Each structure stands twice: as C-alpha cells, then as structure tokens.
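K.L.:
Mind looking over this structure? Questions follow.
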Amino acid sequence: MNRPTPRTIDEYLDQLRDALRGEDLALIQDALYDAEDHLRSEFAENPGVAPAELLARIANSYGAPDEVAEIYRDKEVVVNRALRPPRQPRPASALARFFGVAVDPRAWASMFYMLLALPTGIFYFTWAVTGVSLSFSLMILIIGLPLTVLFLATVRALSLVEGRIVEVMLGERMPRRPTYPPRHQPLLERVKQLFADPRTWGTLFYMVIMLPLGIFYFTLLVTCVSVGLALALNPIVYLLSGIGLININDDVWMAPLWLQPLQVVLGIVILFAFMHLARGIGKLQGALAKQLLVHAG
C-alpha cells in the first residue's frame, strides 16, 4: 500500500499502527515502542534538520511504516515458533496420548508456574493492597498524589515482569516493551492517561486475584503430587523403611497385597492426570494474563 510520507513522529506511528492492524496487541505495543524510541533518538541527535527531511532519511535506514510492520510480522512468526514446544508425533492410542504428557515441556513449565504462583501472588497482593491503602490514606496530603502516581507506575512495570514469566512458562505471547511515554504531552495529561488507561486497573485487579489463585494452584499441585507419589511409591517405601500408607501413632496400615498393584497404578494415573490438568490450567492462566494485562479495555 502506498502511503504518504509521514511528516511527524505521530504520523509515522499512526501509519505503523494502521499497517499492523489486526495483529496481536503485544506485537503492536512492542513495534510502536521500538519505533518511537528510535525516532525520538534520531530527532534528539539531529535538532537542526527539518522533521520531514529527517523522517525521509529514517524511512530509508530504519524503514517506512509498512516495511517495519512486515519485519515485525516476520519476527512474530519466529517468536511464536520459539514459544511453541517441539511438536511430537501424535500417538496412535489414547493410552499413549495420556502418558505422552510426560514429554511435553509445557506441562512441566505449567507445573513450575503453579509452584511459583504462591510467592509471586503473595508479593503482588501485598504490593497492591499496601499501595492502594497508602495512596488513599495520604491523598489528603500533598505527597498523596505523587505517591499514587509512583505506585501505579510500579504496577505497570510489574505487569511487564509478570508478562515475561507468563510468556516463558506458559507460552502466551506478551509485550516485551511498555507503552511509550508521551513526552510531548504535559505532565498532567500523562498522569491523567495513567489513571484512565484500563490496563492500569486490569493489572491491579490481576495482582489482587493472584493471591487466591496462587494458593489454589500451590495447594492443588502439592496435594495431587503428594497423593500420587504416596500411592505409587508406598509399597517400595514400606519394604525399605516400614512406613505404611497410613501411620497413626504406632499403627501402620497398608493395603492388602493383592490390592497394592492397583494402588500403584492409581498413583501413576493421578500423577499423569494432574500433568494434563496443569497444562490446561497454564493455558487458562495465560489467557487470563493476556486479557487483564494487555487487552483490558
């Protein structure tokens, strides 16, 4: 598509945004940030050059908006391939598909995310509740508004941190760059945009709900893995140490010998079934993070 040569940074970014229309919002945010950062650096290094002339030079070196958009589309294909685990041959039987989850890296990564969700959830919840409480309590003082703005800025920064965790562990494409600060706007207008941006409040809500989600994920992980391992390994542990399946004071209870093979099979089934569940939870958690941290509003 032939577009008119942009005469200002805003026109360049508008054309780039239009060229990327329909693409993933994380891709658009990264492309716009990189482009604006590059353009403003060029303008800062060449203060005496007319904007139209400088943008024409940049279009030849950095690329016109349509060219930059195409480059980012190509990069996105590579990124999506890297995020997807290697495709394994589809097992022929349902039994092979059930146990094949053991070689799926995404299942193991999701389980690790469930383990990590508790400490990160505690931190996010504490940070959010403390920041909101201090912001409201100090709002009557002159320090209240600057503290609130600083707190909301840290919330947006933490959304990028969580985004990287989600992308690496759960395979959901998340922004790697923040939204570029509109430096040409007055400070008060930028503060208003921080308050008006739905992603700020979406991130804050995400940080609050991560505590109950983290508790649920951690409890589910520990319970399923513990029960599965206890059932599967108990006959061997009993032979080596005399510890039974249930131990109350000095009483040791073990399943009858004829039932122990079924006990072992049940334990193994619980472990593999939980890996399937963990993989599904990882997909849902990635979608939730994408909705609240990127698509909010």
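By order of appearance in the structure tokens: chains A, B, ..., then residues from 1 within every chain, and ligands from 1 in the order shown.
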Identify, on the basis of only C-alpha atoms, every residue whose closest approach to Ser110 in chain A does not exceed 6 Å; exclude the query and any residue fewer than 2 positions from it along the same chain; express the result as an MDAnalysis selection string.

P.N.:
chainID A and resid 106:108 112:113 278:279 282

K.L.:
Quick one: write out the picked residues with all heavy atoms as a compact mmCIF listing (two decimals), in the first residue's frame?

P.N.:
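Output (selection-v7.txt):
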# COMPACT_ATOMS: atom_id res chain seq x y z
N ARG A 106 5.62 -28.01 28.03
CA ARG A 106 4.65 -27.04 28.52
C ARG A 106 3.95 -27.53 29.78
O ARG A 106 3.61 -26.73 30.65
CB ARG A 106 3.62 -26.75 27.43
CG ARG A 106 2.77 -25.53 27.68
CD ARG A 106 3.61 -24.27 27.77
NE ARG A 106 4.24 -23.94 26.51
CZ ARG A 106 5.35 -23.23 26.40
NH1 ARG A 106 5.95 -22.77 27.48
NH2 ARG A 106 5.86 -22.96 25.21
N ALA A 107 3.77 -28.84 29.91
CA ALA A 107 3.15 -29.37 31.12
C ALA A 107 4.07 -29.16 32.33
O ALA A 107 3.62 -28.74 33.40
CB ALA A 107 2.84 -30.86 30.95
N TRP A 108 5.37 -29.43 32.16
CA TRP A 108 6.31 -29.23 33.25
C TRP A 108 6.44 -27.75 33.60
O TRP A 108 6.52 -27.38 34.78
CB TRP A 108 7.67 -29.81 32.87
CG TRP A 108 7.67 -31.30 32.77
CD1 TRP A 108 7.60 -32.05 31.62
CD2 TRP A 108 7.73 -32.24 33.84
NE1 TRP A 108 7.61 -33.38 31.90
CE2 TRP A 108 7.70 -33.54 33.27
CE3 TRP A 108 7.81 -32.13 35.23
CZ2 TRP A 108 7.74 -34.70 34.03
CZ3 TRP A 108 7.85 -33.28 36.00
CH2 TRP A 108 7.82 -34.54 35.39
N PHE A 112 5.60 -25.82 37.17
CA PHE A 112 6.54 -24.93 37.87
C PHE A 112 5.90 -23.57 38.10
O PHE A 112 6.11 -22.93 39.14
CB PHE A 112 7.83 -24.79 37.06
CG PHE A 112 8.89 -24.00 37.79
CD1 PHE A 112 9.56 -24.54 38.88
CD2 PHE A 112 9.23 -22.72 37.38
CE1 PHE A 112 10.53 -23.81 39.55
CE2 PHE A 112 10.20 -21.99 38.04
CZ PHE A 112 10.85 -22.55 39.14
N TYR A 113 5.09 -23.11 37.12
CA TYR A 113 4.38 -21.84 37.31
C TYR A 113 3.42 -21.95 38.48
O TYR A 113 3.29 -20.99 39.27
CB TYR A 113 3.63 -21.46 36.04
CG TYR A 113 2.89 -20.14 36.17
CD1 TYR A 113 3.52 -18.93 35.89
CD2 TYR A 113 1.56 -20.10 36.61
CE1 TYR A 113 2.86 -17.72 36.04
CE2 TYR A 113 0.90 -18.89 36.76
CZ TYR A 113 1.55 -17.72 36.47
OH TYR A 113 0.89 -16.52 36.62
N ALA A 278 -2.59 -29.58 34.77
CA ALA A 278 -1.67 -28.44 34.90
C ALA A 278 -1.47 -27.76 33.55
O ALA A 278 -1.41 -26.52 33.48
CB ALA A 278 -0.33 -28.92 35.46
N ARG A 279 -1.37 -28.53 32.50
CA ARG A 279 -1.21 -27.93 31.17
C ARG A 279 -2.44 -27.10 30.79
O ARG A 279 -2.32 -26.01 30.23
CB ARG A 279 -0.97 -29.03 30.14
CG ARG A 279 -0.65 -28.51 28.74
CD ARG A 279 -0.20 -29.65 27.84
NE ARG A 279 -1.20 -30.70 27.74
CZ ARG A 279 -1.03 -31.82 27.05
NH1 ARG A 279 0.12 -32.04 26.42
NH2 ARG A 279 -1.97 -32.74 26.98
N GLY A 282 -2.40 -23.93 32.78
CA GLY A 282 -1.43 -22.99 32.21
C GLY A 282 -2.02 -22.21 31.05
O GLY A 282 -1.80 -21.00 30.92

K.L.:
Enumerate, as a PyMOL selection string, the complete set of residues in range 37-163 of chain A that a backbone-based DSSP assignment places in alpha helix (DSSP H).

P.N.:
chain A and resi 37-45+51-61+65-83+94-99+105-137+144-163

K.L.:
Name the closest residue to Gln15 in chain A among the candidates A:Ile140, A:Leu95, A:Leu27, A:Val68; distances are taken between atoms, counting only C-alpha atoms.

P.N.:
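Looking at the shortest contact to Gln15 in chain A, the residue is A:Val68.
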
K.L.:
Go ahead and compute the interatomic distance for CA of Ala26 in chain A and CA of Leu292 in chain A, in Å to one decimal.

P.N.:
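CA of Leu292 in chain A lies at a distance of 12.5 Å from CA of Ala26 in chain A.
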
K.L.:
Of the residues A:Ser61, A:Thr5, A:Thr203, A:Thr130, which is the one nearest to Gly163 in chain A, using only C-alpha atoms?

P.N.:
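Residue with the minimum atom-to-atom distance to Gly163 in chain A: A:Thr203.
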
K.L.:
Identify which of the residues A:Pro6, A:Phe216, A:Met207, A:Tyr33 lies closest to Val161 in chain A, counting only C-alpha atoms when measuring atom-to-atom distances.

P.N.:
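Going through A:Pro6, A:Phe216, A:Met207, A:Tyr33 one by one, the smallest distance to Val161 in chain A is for A:Met207.
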